file data.cif (mmCIF, C-alpha atoms)
data_my_file
loop_
_atom_site.label_atom_id
_atom_site.label_comp_id
_atom_site.auth_asym_id
_atom_site.auth_seq_id
_atom_site.Cartn_x
_atom_site.Cartn_y
_atom_site.Cartn_z
CA MET A 23 -83.16 96.68 -62.19
CA LYS A 24 -81.06 95.26 -59.37
CA SER A 25 -79.60 92.46 -61.52
CA GLN A 26 -78.59 95.04 -64.14
CA ILE A 27 -77.07 97.27 -61.49
CA GLU A 28 -75.10 94.45 -59.90
CA GLU A 29 -73.16 93.92 -63.13
CA LYS A 30 -71.60 97.38 -62.83
CA ARG A 31 -68.17 98.11 -61.39
CA ILE A 32 -68.03 101.83 -60.76
CA MET A 33 -65.09 104.10 -60.02
CA MET A 34 -66.44 107.18 -58.21
CA LEU A 35 -64.34 110.36 -58.25
CA HIS A 36 -64.68 113.35 -55.92
CA GLY A 37 -62.25 116.16 -55.23
CA SER A 38 -62.60 116.80 -51.51
CA SER A 39 -63.21 114.92 -48.29
CA ASP A 40 -65.34 117.46 -46.46
CA LEU A 41 -68.97 116.93 -45.50
CA TYR A 42 -70.64 119.89 -47.19
CA GLY A 43 -73.42 119.68 -49.79
CA ALA A 44 -71.81 118.01 -52.82
CA SER A 45 -69.82 115.65 -50.61
CA LYS A 46 -72.94 114.61 -48.70
CA ILE A 47 -74.68 113.78 -51.98
CA PHE A 48 -71.60 111.84 -53.10
CA LEU A 49 -71.69 109.83 -49.85
CA LEU A 50 -75.40 109.15 -50.30
CA THR A 51 -74.92 108.06 -53.93
CA ALA A 52 -72.08 105.70 -53.04
CA GLU A 53 -74.16 104.18 -50.24
CA ILE A 54 -77.19 103.64 -52.51
CA LEU A 55 -75.11 101.96 -55.20
CA SER A 56 -73.21 99.81 -52.71
CA ASN A 57 -76.43 98.73 -50.96
CA ASN A 58 -77.81 97.60 -54.32
CA GLY A 59 -74.97 95.24 -55.08
CA VAL A 60 -72.74 97.51 -57.16
CA SER A 61 -68.98 97.15 -56.81
CA VAL A 62 -67.94 100.67 -55.80
CA LEU A 63 -64.39 102.01 -55.69
CA VAL A 64 -64.15 105.60 -54.41
CA ILE A 65 -61.22 107.85 -55.33
CA LEU A 66 -60.74 111.02 -53.28
CA SER A 67 -58.06 113.68 -53.55
CA GLU A 68 -57.54 113.84 -49.80
CA ASP A 69 -58.33 112.18 -46.51
CA GLY A 70 -60.96 113.60 -44.18
CA PRO A 71 -64.49 113.23 -42.77
CA LEU A 72 -66.01 111.98 -46.05
CA ALA A 73 -63.40 109.22 -46.34
CA ASP A 74 -64.13 108.22 -42.74
CA GLU A 75 -67.89 107.97 -43.38
CA LEU A 76 -67.38 105.91 -46.54
CA LYS A 77 -65.11 103.47 -44.73
CA LYS A 78 -67.73 103.07 -41.99
CA LEU A 79 -70.10 101.87 -44.72
CA GLY A 80 -67.56 99.30 -45.86
CA ILE A 81 -66.83 101.18 -49.10
CA ARG A 82 -63.27 101.00 -50.38
CA VAL A 83 -61.51 104.37 -50.59
CA GLU A 84 -58.25 105.19 -52.38
CA LEU A 85 -56.48 108.56 -52.18
CA VAL A 86 -55.16 109.98 -55.46
CA ARG A 87 -54.51 113.65 -56.25
CA LEU A 88 -57.07 114.24 -59.00
CA GLY A 89 -55.99 117.66 -60.26
CA ILE A 90 -59.13 119.39 -58.99
CA ILE A 91 -59.90 122.70 -60.71
CA ARG A 92 -60.49 125.71 -58.46
CA ARG A 93 -60.42 129.43 -59.20
CA LYS A 94 -57.06 129.86 -57.49
CA TYR A 95 -55.51 127.87 -60.38
CA PHE A 96 -56.80 130.30 -63.03
CA ASN A 97 -53.30 131.53 -63.94
CA ILE A 98 -50.46 130.22 -66.10
CA ASN A 99 -48.58 128.47 -63.30
CA GLY A 100 -51.78 127.11 -61.83
CA LEU A 101 -52.99 125.63 -65.11
CA PHE A 102 -49.63 123.97 -65.78
CA ASN A 103 -49.78 122.51 -62.29
CA ARG A 104 -53.28 121.15 -62.87
CA LEU A 105 -52.30 119.59 -66.21
CA LYS A 106 -49.33 117.84 -64.62
CA VAL A 107 -51.34 116.52 -61.65
CA THR A 108 -54.25 115.46 -63.87
CA PHE A 109 -51.93 113.50 -66.18
CA GLU A 110 -50.34 111.72 -63.19
CA ALA A 111 -53.82 110.92 -61.88
CA TYR A 112 -54.86 109.60 -65.29
CA LYS A 113 -51.97 107.12 -65.32
CA THR A 114 -52.69 105.94 -61.76
CA LEU A 115 -56.44 105.63 -62.31
CA GLY A 116 -55.98 103.92 -65.67
CA ALA A 117 -53.92 101.14 -64.09
CA LEU A 118 -56.33 100.84 -61.16
CA ALA A 119 -59.42 100.76 -63.40
CA GLU A 120 -57.92 98.00 -65.54
CA LYS A 121 -56.98 95.97 -62.49
CA GLU A 122 -60.45 96.34 -60.94
CA LYS A 123 -62.27 95.70 -64.26
CA ILE A 124 -64.14 99.01 -64.00
CA THR A 125 -67.15 99.47 -66.31
CA HIS A 126 -68.33 102.96 -65.33
CA VAL A 127 -66.69 106.17 -64.14
CA TYR A 128 -68.71 108.66 -62.09
CA SER A 129 -67.36 112.20 -61.67
CA ASN A 130 -68.89 114.38 -58.97
CA THR A 131 -68.85 118.16 -59.65
CA ALA A 132 -67.44 120.09 -62.59
CA ALA A 133 -64.11 120.45 -60.76
CA VAL A 134 -63.22 116.79 -61.48
CA TRP A 135 -61.87 116.51 -65.05
CA VAL A 136 -59.72 113.40 -64.97
CA GLY A 137 -62.77 111.11 -65.17
CA ALA A 138 -63.65 112.61 -68.55
CA LEU A 139 -60.12 112.01 -69.82
CA LEU A 140 -60.01 108.47 -68.46
CA SER A 141 -63.37 107.54 -69.99
CA ARG A 142 -62.54 109.09 -73.36
CA MET A 143 -59.17 107.34 -73.66
CA LYS A 144 -60.13 103.97 -72.15
CA GLY A 145 -63.73 103.68 -73.34
CA TYR A 146 -65.51 103.62 -69.98
CA PHE A 147 -69.13 104.74 -69.61
CA HIS A 148 -68.96 108.19 -68.00
CA ILE A 149 -71.61 109.74 -65.76
CA TRP A 150 -70.98 113.35 -64.71
CA HIS A 151 -72.91 114.74 -61.71
CA LEU A 152 -73.02 118.53 -62.01
CA HIS A 153 -73.90 120.75 -59.05
CA GLU A 154 -72.64 124.03 -60.48
CA ILE A 155 -73.74 127.01 -62.52
CA ILE A 156 -70.60 128.42 -64.16
CA ALA A 157 -71.39 131.76 -65.77
CA GLN A 158 -68.04 133.57 -65.59
CA PRO A 159 -65.58 133.84 -67.14
CA LYS A 160 -67.69 133.29 -70.25
CA PHE A 161 -64.97 131.61 -72.34
CA PHE A 162 -64.41 129.09 -69.55
CA ALA A 163 -68.14 128.39 -69.23
CA VAL A 164 -68.35 127.64 -72.98
CA TRP A 165 -65.22 125.47 -72.92
CA MET A 166 -66.52 123.58 -69.90
CA GLY A 167 -69.82 122.96 -71.68
CA LYS A 168 -67.99 121.42 -74.64
CA LEU A 169 -65.92 119.27 -72.30
CA VAL A 170 -69.06 117.86 -70.71
CA GLN A 171 -70.86 117.39 -74.03
CA TYR A 172 -68.12 115.38 -75.71
CA ASN A 173 -66.85 113.44 -72.69
CA SER A 174 -69.94 112.13 -70.91
CA HIS A 175 -72.68 109.62 -71.68
CA LYS A 176 -75.11 110.84 -69.02
CA VAL A 177 -75.12 114.10 -67.08
CA ILE A 178 -76.97 114.39 -63.78
CA VAL A 179 -78.07 117.96 -62.94
CA VAL A 180 -79.37 118.93 -59.52
CA SER A 181 -82.00 121.53 -60.43
CA GLU A 182 -83.88 123.08 -63.33
CA ALA A 183 -81.60 126.10 -62.99
CA VAL A 184 -78.54 123.89 -63.47
CA LYS A 185 -80.24 122.01 -66.32
CA LYS A 186 -81.03 125.26 -68.13
CA HIS A 187 -77.44 126.45 -67.71
CA TRP A 188 -75.76 123.30 -69.06
CA GLY A 189 -78.48 122.82 -71.68
CA ARG A 190 -76.87 125.61 -73.70
CA HIS A 191 -73.98 123.29 -74.48
CA VAL A 192 -75.05 119.72 -73.65
CA SER A 193 -77.57 117.61 -75.61
CA ALA A 194 -80.96 117.38 -73.94
CA ASN A 195 -80.98 113.57 -74.14
CA LYS A 196 -77.85 113.44 -71.95
CA LEU A 197 -79.26 115.64 -69.17
CA HIS A 198 -81.07 113.97 -66.26
CA LEU A 199 -82.65 116.10 -63.55
CA VAL A 200 -82.31 114.51 -60.11
CA TYR A 201 -83.13 116.69 -57.13
CA ASN A 202 -80.91 116.05 -54.13
CA GLY A 203 -82.57 113.95 -51.46
CA ILE A 204 -81.86 113.58 -47.76
CA ASP A 205 -82.66 111.29 -44.91
CA TYR A 206 -84.74 113.66 -42.80
CA ASN A 207 -84.67 111.51 -39.64
CA PRO A 208 -81.44 113.01 -38.18
CA TYR A 209 -83.09 116.44 -38.31
CA LEU A 210 -86.03 115.50 -36.10
CA CYS A 211 -83.94 116.09 -32.97
CA LYS A 212 -84.89 118.88 -30.56
CA SER A 213 -81.50 119.35 -28.91
CA VAL A 214 -80.65 122.84 -27.65
CA ASN A 215 -77.22 121.90 -26.32
CA LEU A 216 -75.55 124.46 -28.56
CA ARG A 217 -77.60 127.27 -27.01
CA GLU A 218 -76.33 126.19 -23.60
CA GLU A 219 -72.77 125.77 -24.93
CA LEU A 220 -72.76 129.35 -26.22
CA ASN A 221 -74.59 130.70 -23.16
CA ILE A 222 -77.41 132.19 -25.23
CA PRO A 223 -80.50 133.09 -23.14
CA LYS A 224 -83.52 130.80 -23.57
CA GLU A 225 -85.77 133.69 -24.54
CA ALA A 226 -83.41 134.93 -27.27
CA MET A 227 -84.05 134.20 -30.95
CA ILE A 228 -81.24 132.58 -32.95
CA ILE A 229 -80.77 133.22 -36.67
CA GLY A 230 -78.09 131.32 -38.53
CA MET A 231 -76.49 130.22 -41.76
CA ILE A 232 -74.35 127.22 -42.72
CA GLY A 233 -72.05 127.18 -45.71
CA ARG A 234 -68.48 126.95 -46.89
CA VAL A 235 -66.78 130.32 -46.58
CA ASN A 236 -66.13 131.72 -50.06
CA SER A 237 -66.66 134.87 -52.07
CA TRP A 238 -70.26 134.15 -53.09
CA LYS A 239 -71.93 132.05 -50.40
CA GLY A 240 -73.13 135.20 -48.67
CA GLN A 241 -71.47 135.42 -45.26
CA GLU A 242 -70.82 139.15 -45.79
CA TYR A 243 -74.44 139.69 -46.79
CA PHE A 244 -75.54 137.71 -43.73
CA LEU A 245 -73.61 140.13 -41.52
CA GLU A 246 -75.18 143.12 -43.28
CA ILE A 247 -78.64 141.67 -42.63
CA SER A 248 -77.73 140.99 -38.99
CA GLU A 249 -76.76 144.64 -38.55
CA GLU A 250 -80.12 145.79 -39.92
CA LEU A 251 -82.03 143.38 -37.68
CA ASN A 252 -80.06 144.32 -34.57
CA LYS A 253 -81.10 147.94 -35.08
CA LYS A 254 -84.75 146.88 -34.73
CA PHE A 255 -84.71 143.98 -32.27
CA LEU A 256 -83.02 143.62 -28.88
CA ASN A 257 -82.74 139.90 -28.28
CA LEU A 258 -81.24 138.34 -31.41
CA TYR A 259 -78.17 136.14 -31.76
CA PHE A 260 -76.52 135.05 -35.01
CA LEU A 261 -74.61 131.85 -35.87
CA LEU A 262 -72.22 131.32 -38.77
CA VAL A 263 -71.13 127.73 -39.44
CA GLY A 264 -68.57 126.66 -42.04
CA ASP A 265 -64.87 126.84 -42.86
CA ALA A 266 -62.92 127.70 -46.03
CA PHE A 267 -61.32 125.41 -48.60
CA PRO A 268 -57.71 124.43 -47.77
CA GLY A 269 -55.46 127.19 -49.03
CA GLU A 270 -58.20 129.80 -48.70
CA GLU A 271 -58.14 130.20 -44.92
CA HIS A 272 -57.63 133.95 -45.42
CA LEU A 273 -61.32 134.19 -46.32
CA PHE A 274 -62.29 132.80 -42.92
CA GLU A 275 -59.83 135.16 -41.24
CA GLY A 276 -61.33 138.08 -43.15
CA LEU A 277 -64.79 137.07 -41.95
CA GLU A 278 -63.51 136.97 -38.36
CA GLN A 279 -62.11 140.49 -38.79
CA ARG A 280 -65.41 141.74 -40.20
CA ILE A 281 -67.22 140.37 -37.14
CA LEU A 282 -64.76 142.07 -34.77
CA GLU A 283 -65.55 145.38 -36.48
CA ASN A 284 -69.31 144.79 -36.12
CA LYS A 285 -71.10 146.96 -33.56
CA PHE A 286 -73.06 143.89 -32.41
CA ARG A 287 -70.12 141.46 -32.39
CA ASP A 288 -71.04 140.10 -28.96
CA ARG A 289 -74.19 138.59 -30.52
CA ILE A 290 -72.44 136.87 -33.44
CA PHE A 291 -70.79 133.45 -33.20
CA ASN A 292 -68.54 132.23 -36.01
CA LEU A 293 -68.23 128.52 -35.26
CA GLY A 294 -66.26 127.21 -38.26
CA PHE A 295 -66.73 123.58 -39.27
CA ARG A 296 -69.17 121.50 -37.19
CA LYS A 297 -70.09 117.85 -37.56
CA ASP A 298 -73.26 118.16 -35.47
CA ILE A 299 -75.31 120.01 -38.09
CA SER A 300 -78.62 118.52 -36.94
CA HIS A 301 -78.01 119.94 -33.45
CA VAL A 302 -76.91 123.29 -34.87
CA LEU A 303 -80.13 123.53 -36.89
CA ALA A 304 -82.24 122.44 -33.92
CA THR A 305 -80.82 125.42 -32.01
CA MET A 306 -81.81 127.96 -34.69
CA ASP A 307 -85.18 129.65 -35.01
CA ILE A 308 -84.66 130.98 -38.57
CA PHE A 309 -82.19 129.83 -41.22
CA ILE A 310 -80.75 132.18 -43.86
CA LEU A 311 -78.79 131.28 -46.99
CA PRO A 312 -78.00 134.66 -48.62
CA SER A 313 -75.86 133.46 -51.57
CA THR A 314 -74.77 136.32 -53.82
CA LEU A 315 -74.49 134.11 -56.92
CA PRO A 316 -77.04 131.48 -58.02
CA ASP A 317 -76.68 128.52 -55.66
CA PRO A 318 -77.52 125.50 -57.84
CA PHE A 319 -79.31 123.32 -55.27
CA PRO A 320 -78.00 123.82 -51.74
CA THR A 321 -78.59 120.65 -49.72
CA VAL A 322 -78.35 122.65 -46.50
CA ILE A 323 -81.70 124.23 -47.36
CA LEU A 324 -83.28 120.78 -47.34
CA GLU A 325 -81.62 120.03 -44.02
CA ALA A 326 -82.97 123.23 -42.48
CA MET A 327 -86.44 122.53 -43.87
CA ALA A 328 -86.31 118.99 -42.46
CA ALA A 329 -85.43 120.54 -39.09
CA LYS A 330 -88.69 122.55 -39.34
CA LYS A 331 -86.96 125.89 -39.79
CA PRO A 332 -88.31 128.63 -42.04
CA VAL A 333 -85.61 129.17 -44.66
CA VAL A 334 -84.85 132.62 -46.05
CA ALA A 335 -82.75 132.56 -49.24
CA THR A 336 -81.86 134.92 -52.05
CA ALA A 337 -84.29 134.61 -54.95
CA GLN A 338 -82.07 132.84 -57.45
CA GLY A 339 -80.77 129.41 -58.43
CA GLY A 340 -82.15 126.26 -56.88
CA ALA A 341 -83.77 128.12 -53.96
CA LEU A 342 -86.55 129.18 -56.33
CA GLU A 343 -87.40 125.49 -56.83
CA MET A 344 -86.95 124.43 -53.23
CA ILE A 345 -88.87 127.16 -51.42
CA ASP A 346 -92.50 128.15 -51.97
CA HIS A 347 -92.43 131.81 -50.91
CA GLY A 348 -94.65 132.43 -47.90
CA GLU A 349 -95.49 128.74 -47.51
CA THR A 350 -92.27 126.78 -46.90
CA GLY A 351 -89.86 129.71 -46.64
CA TYR A 352 -89.10 133.14 -48.06
CA HIS A 353 -87.12 134.67 -50.90
CA ILE A 354 -85.17 137.86 -50.29
CA PRO A 355 -83.57 140.25 -52.78
CA LEU A 356 -79.89 140.22 -53.60
CA ASN A 357 -77.68 142.75 -51.79
CA GLU A 358 -80.60 144.68 -50.30
CA ALA A 359 -80.07 144.17 -46.57
CA PRO A 360 -82.73 146.68 -45.39
CA GLU A 361 -85.40 145.06 -47.56
CA ALA A 362 -84.31 141.56 -46.51
CA ALA A 363 -84.46 142.64 -42.85
CA VAL A 364 -88.07 143.77 -43.30
CA ILE A 365 -89.09 140.32 -44.57
CA ILE A 366 -87.23 138.54 -41.77
CA GLY A 367 -88.49 141.05 -39.23
CA GLU A 368 -92.10 140.09 -39.98
CA LEU A 369 -91.19 136.50 -39.11
CA ILE A 370 -89.44 137.52 -35.89
CA ASN A 371 -92.61 139.31 -34.81
CA ASN A 372 -94.79 136.25 -35.46
CA LYS A 373 -93.63 133.06 -33.74
CA GLY A 374 -96.81 131.34 -34.85
CA GLN A 375 -95.76 131.92 -38.47
CA ILE A 376 -92.29 130.56 -37.72
CA ASN A 377 -93.84 127.32 -36.51
CA LYS A 378 -96.36 127.13 -39.35
CA VAL A 379 -93.78 127.69 -42.11
CA GLY A 380 -91.41 125.23 -40.41
CA GLU A 381 -94.09 122.52 -40.41
CA GLU A 382 -94.84 123.07 -44.10
CA ALA A 383 -91.12 123.03 -44.89
CA ARG A 384 -90.67 119.60 -43.32
CA LYS A 385 -93.71 118.25 -45.21
CA SER A 386 -92.21 119.51 -48.47
CA VAL A 387 -88.92 117.70 -47.83
CA ILE A 388 -90.70 114.44 -47.04
CA GLU A 389 -92.94 114.67 -50.11
CA ASN A 390 -90.54 116.08 -52.70
CA PHE A 391 -86.93 115.54 -51.63
CA SER A 392 -86.91 112.20 -49.86
CA LEU A 393 -84.09 109.68 -49.75
CA SER A 394 -86.22 107.05 -51.49
CA LYS A 395 -87.04 109.31 -54.46
CA TYR A 396 -83.40 110.19 -54.89
CA GLY A 397 -82.38 106.54 -54.69
CA GLN A 398 -84.90 105.43 -57.31
CA LYS A 399 -83.71 108.03 -59.80
CA ILE A 400 -80.02 107.33 -59.22
CA LEU A 401 -80.49 103.60 -59.70
CA SER A 402 -82.46 104.15 -62.92
CA ILE A 403 -79.65 106.30 -64.32
CA PHE A 404 -76.93 103.77 -63.47
CA SER A 405 -78.95 100.89 -64.87
#

call {"tool": "encode", "arguments": {"input": "data.cif", "output": "structure tokens"}}
result
Amino acid sequence: MKSQIEEKRIMMLHGSSDLYGASKIFLLTAEILSNNGVSVLVILSEDGPLADELKKLGIRVELVRLGIIRRKYFNINGLFNRLKVTFEAYKTLGALAEKEKITHVYSNTAAVWVGALLSRMKGYFHIWHLHEIIAQPKFFAVWMGKLVQYNSHKVIVVSEAVKKHWGRHVSANKLHLVYNGIDYNPYLCKSVNLREELNIPKEAMIIGMIGRVNSWKGQEYFLEISEELNKKFLNLYFLLVGDAFPGEEHLFEGLEQRILENKFRDRIFNLGFRKDISHVLATMDIFILPSTLPDPFPTVILEAMAAKKPVVATAQGGALEMIDHGETGYHIPLNEAPEAAVIIGELINNKGQINKVGEEARKSVIENFSLSKYGQKILSIFS
């Protein structure tokens, strides 16, 4: 397989330079390919932490505005803007691909369209890595499905939920299920430095969530659950970690305002973006991901499980495949904070169960979502 892989010259496209879920998987994929002799050229829309990590690995990075599609562009002016930027990106990438003798184009996330255009017009082999479930608006979901079907040779999907969604529009023989994998070693740390930094008492229990601030990730629901739990328990503290996309900082500001209005605001810390996620997770006792829309396959759940934390997530999307209810974590209902608080409250009252579920969670990551398994599947797809 390695000799076949080494013949490839791959242009990898990704729309952001953060270090959240999809970006972490992009970094991992680029590293696997590069380590197996593939010539990798990464194109990002912006500079940032992801670009820095890629450069540390010796992977070449070029910055080109790729015309990334986000909901804020769903208007006449926004769409014209995206068309203009995408066309400019197409011309730049076309010249670069020809110069570098590119054979394959890899597009990460459904927000990156220019790779489809480039491959269609120039005849490159196109692999699209889809992390999303796009249900609304319906016309856009159908159009996006057609775009993927007719402009990709292989489509990587991150969960059965994502596969089922795109399978309505994309041929089954194009779809390849590859669960995200992680290197669990960084999450074996036992650091409690963050507890000391925030001056949280040793005997207090810390419940937290990590995720980009947006309308559906569940930060508002997390706060509702925290209110319910604080009515029943005296010594709880809550951590929120994550910032908003550039241009959507108002969402983070709105979250800050909601916390200020919370009766228990002195027990809630909104930390924004943090690089030291392994230390943040080591500080938590329970991890919650209360997404209000189906989260396709949130890598942060794997990270929390690797850190031996019981994960509590809404019963939808990839969480149903990642968590065995009662064994490696728990599913909670959507937008039912009192009921969710009952489930979490049973855990709070049983520290032995917290430890037991955490141990089983780590075993599950090692057995089912390892770095080696992910690497094997990625290499087979690219070969």

call {"tool": "residues_around", "arguments": {"input": "data.cif", "residues": "range 189-201 of chain A", "least_positions_apart": "3", "cutoff": "7 Å", "atoms": "only C-alpha atoms", "output": "PyMOL selection string"}}
result
chain A and resi 167-168+170-171+175-181+185-186+391+396+399

call {"tool": "residues_near_point", "arguments": {"input": "data.cif", "point": "(-93.8, 132.8, -38.0)", "cutoff": "12 Å", "atoms": "only C-alpha atoms", "output": "PyMOL selection string"}}
result
chain A and resi 307-308+330-333+348-352+365-382

call {"tool": "atom_distance", "arguments": {"input": "data.cif", "atom1": "CA of Leu79 in chain A", "atom2": "CA of Leu50 in chain A"}}
result
10.6 Å

call {"tool": "resolve_selection", "arguments": {"input": "data.cif", "expression": "the PyMOL selection byres ((chain A and resi 126) around 8)", "output": "MDAnalysis selection string"}}
result
chainID A and resid 30:33 124:125 127:128 146:149

call {"tool": "resolve_selection", "arguments": {"input": "data.cif", "expression": "the PyMOL selection byres ((chain A and resi 224) around 12)", "output": "list of chain:residue names"}}
result
A:Val214, A:Asn215, A:Leu216, A:Arg217, A:Glu218, A:Glu219, A:Leu220, A:Asn221, A:Ile222, A:Pro223, A:Glu225, A:Ala226, A:Met227, A:Ile228, A:Asn257, A:Leu258, A:Tyr259, A:Thr305, A:Met306, A:Asp307

call {"tool": "closest_residue", "arguments": {"input": "data.cif", "among": "A:Pro159, A:Gly203, A:Gly240, A:Gly116", "to": "Phe319 in chain A", "atoms": "all atoms listed in the file"}}
result
A:Gly203

call {"tool": "resolve_selection", "arguments": {"input": "data.cif", "expression": "the PyMOL selection byres ((chain A and resi 310) around 10)", "output": "PyMOL selection string"}}
result
chain A and resi 229-232+240-241+244+247+262+308-309+311-313+323+326+331-336+351-354+366

call {"tool": "closest_residue", "arguments": {"input": "data.cif", "among": "A:Lys78, A:Arg104, A:Lys144, A:Lys239", "to": "Ala119 in chain A", "atoms": "all atoms listed in the file"}}
result
A:Lys144

call {"tool": "atom_distance", "arguments": {"input": "data.cif", "atom1": "CA of Asn130 in chain A", "atom2": "CA of Leu49 in chain A"}}
result
10.6 Å

call {"tool": "residues_around", "arguments": {"input": "data.cif", "residues": "Pro71 in chain A", "least_positions_apart": "6", "cutoff": "12 Å", "atoms": "all atoms listed in the file", "output": "ChimeraX atom specification"}}
result
/A:38-42,45-46,49,77-78,295-297

call {"tool": "atom_distance", "arguments": {"input": "data.cif", "atom1": "CA of Gly89 in chain A", "atom2": "CA of Tyr112 in chain A"}}
result
9.6 Å

call {"tool": "residues_around", "arguments": {"input": "data.cif", "residues": "Phe109 in chain A", "least_positions_apart": "4", "cutoff": "9 Å", "atoms": "only C-alpha atoms", "output": "PyMOL selection string"}}
result
chain A and resi 88-89+104-105+113-114+136

call {"tool": "closest_residue", "arguments": {"input": "data.cif", "among": "A:Arg92, A:Pro320, A:Glu242, A:Ser300", "to": "Gly43 in chain A", "atoms": "only C-alpha atoms"}}
result
A:Pro320

call {"tool": "residues_near_point", "arguments": {"input": "data.cif", "point": "(-84.2, 144.7, -41.4)", "cutoff": "10 Å", "atoms": "all atoms listed in the file", "output": "number ranges by chain"}}
result
A: 246-255, 358-368

call {"tool": "closest_residue", "arguments": {"input": "data.cif", "among": "A:Ala132, A:Ile155, A:Val86, A:Leu63", "to": "Gly340 in chain A", "atoms": "all atoms listed in the file"}}
result
A:Ile155

call {"tool": "residues_around", "arguments": {"input": "data.cif", "residues": "Asn57 in chain A", "least_positions_apart": "3", "cutoff": "12 Å", "atoms": "all atoms listed in the file", "output": "list in words"}}
result
Lys24, Ile27, Glu28, Leu50, Thr51, Ala52, Glu53, Ile54, Val60, Ser61, Val62, Leu79, Gly80, Ile81, Gly397 and Leu401 of chain A

call {"tool": "decode", "arguments": {"input": "data.cif", "residues": "range 112-151 of chain A", "atoms": "C-alpha atoms", "output": "PDB file, in the first residue's frame"}}
result
ATOM      1  CA  TYR A 112     -10.162  28.390  -8.291  1.00  0.00           C
ATOM      2  CA  LYS A 113      -7.765  30.353 -10.501  1.00  0.00           C
ATOM      3  CA  THR A 114      -5.059  30.461  -7.816  1.00  0.00           C
ATOM      4  CA  LEU A 115      -5.400  26.786  -6.909  1.00  0.00           C
ATOM      5  CA  GLY A 116      -5.524  25.725 -10.549  1.00  0.00           C
ATOM      6  CA  ALA A 117      -2.152  27.336 -11.253  1.00  0.00           C
ATOM      7  CA  LEU A 118      -0.677  25.952  -8.036  1.00  0.00           C
ATOM      8  CA  ALA A 119      -1.988  22.421  -8.676  1.00  0.00           C
ATOM      9  CA  GLU A 120      -0.517  22.399 -12.176  1.00  0.00           C
ATOM     10  CA  LYS A 121       2.835  23.642 -10.918  1.00  0.00           C
ATOM     11  CA  GLU A 122       2.962  21.042  -8.124  1.00  0.00           C
ATOM     12  CA  LYS A 123       1.712  18.198 -10.381  1.00  0.00           C
ATOM     13  CA  ILE A 124      -1.193  17.458  -8.031  1.00  0.00           C
ATOM     14  CA  THR A 125      -2.999  14.119  -8.528  1.00  0.00           C
ATOM     15  CA  HIS A 126      -5.641  14.287  -5.785  1.00  0.00           C
ATOM     16  CA  VAL A 127      -7.694  17.009  -4.110  1.00  0.00           C
ATOM     17  CA  TYR A 128      -9.017  16.450  -0.589  1.00  0.00           C
ATOM     18  CA  SER A 129     -11.755  18.765   0.717  1.00  0.00           C
ATOM     19  CA  ASN A 130     -12.456  18.782   4.444  1.00  0.00           C
ATOM     20  CA  THR A 131     -16.060  19.627   5.468  1.00  0.00           C
ATOM     21  CA  ALA A 132     -19.051  20.534   3.331  1.00  0.00           C
ATOM     22  CA  ALA A 133     -18.154  24.231   3.650  1.00  0.00           C
ATOM     23  CA  VAL A 134     -15.267  23.845   1.164  1.00  0.00           C
ATOM     24  CA  TRP A 135     -16.652  23.912  -2.401  1.00  0.00           C
ATOM     25  CA  VAL A 136     -13.729  25.064  -4.503  1.00  0.00           C
ATOM     26  CA  GLY A 137     -12.124  21.604  -4.421  1.00  0.00           C
ATOM     27  CA  ALA A 138     -15.159  20.166  -6.195  1.00  0.00           C
ATOM     28  CA  LEU A 139     -14.948  22.847  -8.886  1.00  0.00           C
ATOM     29  CA  LEU A 140     -11.201  22.412  -9.313  1.00  0.00           C
ATOM     30  CA  SER A 141     -11.458  18.626  -9.622  1.00  0.00           C
ATOM     31  CA  ARG A 142     -14.383  18.777 -12.039  1.00  0.00           C
ATOM     32  CA  MET A 143     -12.712  21.293 -14.357  1.00  0.00           C
ATOM     33  CA  LYS A 144      -9.131  19.967 -14.170  1.00  0.00           C
ATOM     34  CA  GLY A 145      -9.794  16.238 -13.840  1.00  0.00           C
ATOM     35  CA  TYR A 146      -8.254  15.616 -10.412  1.00  0.00           C
ATOM     36  CA  PHE A 147      -9.368  12.727  -8.203  1.00  0.00           C
ATOM     37  CA  HIS A 148     -11.546  14.301  -5.507  1.00  0.00           C
ATOM     38  CA  ILE A 149     -12.026  12.978  -1.978  1.00  0.00           C
ATOM     39  CA  TRP A 150     -14.573  14.843   0.154  1.00  0.00           C
ATOM     40  CA  HIS A 151     -14.480  14.372   3.950  1.00  0.00           C
TER      41      HIS A 151
END
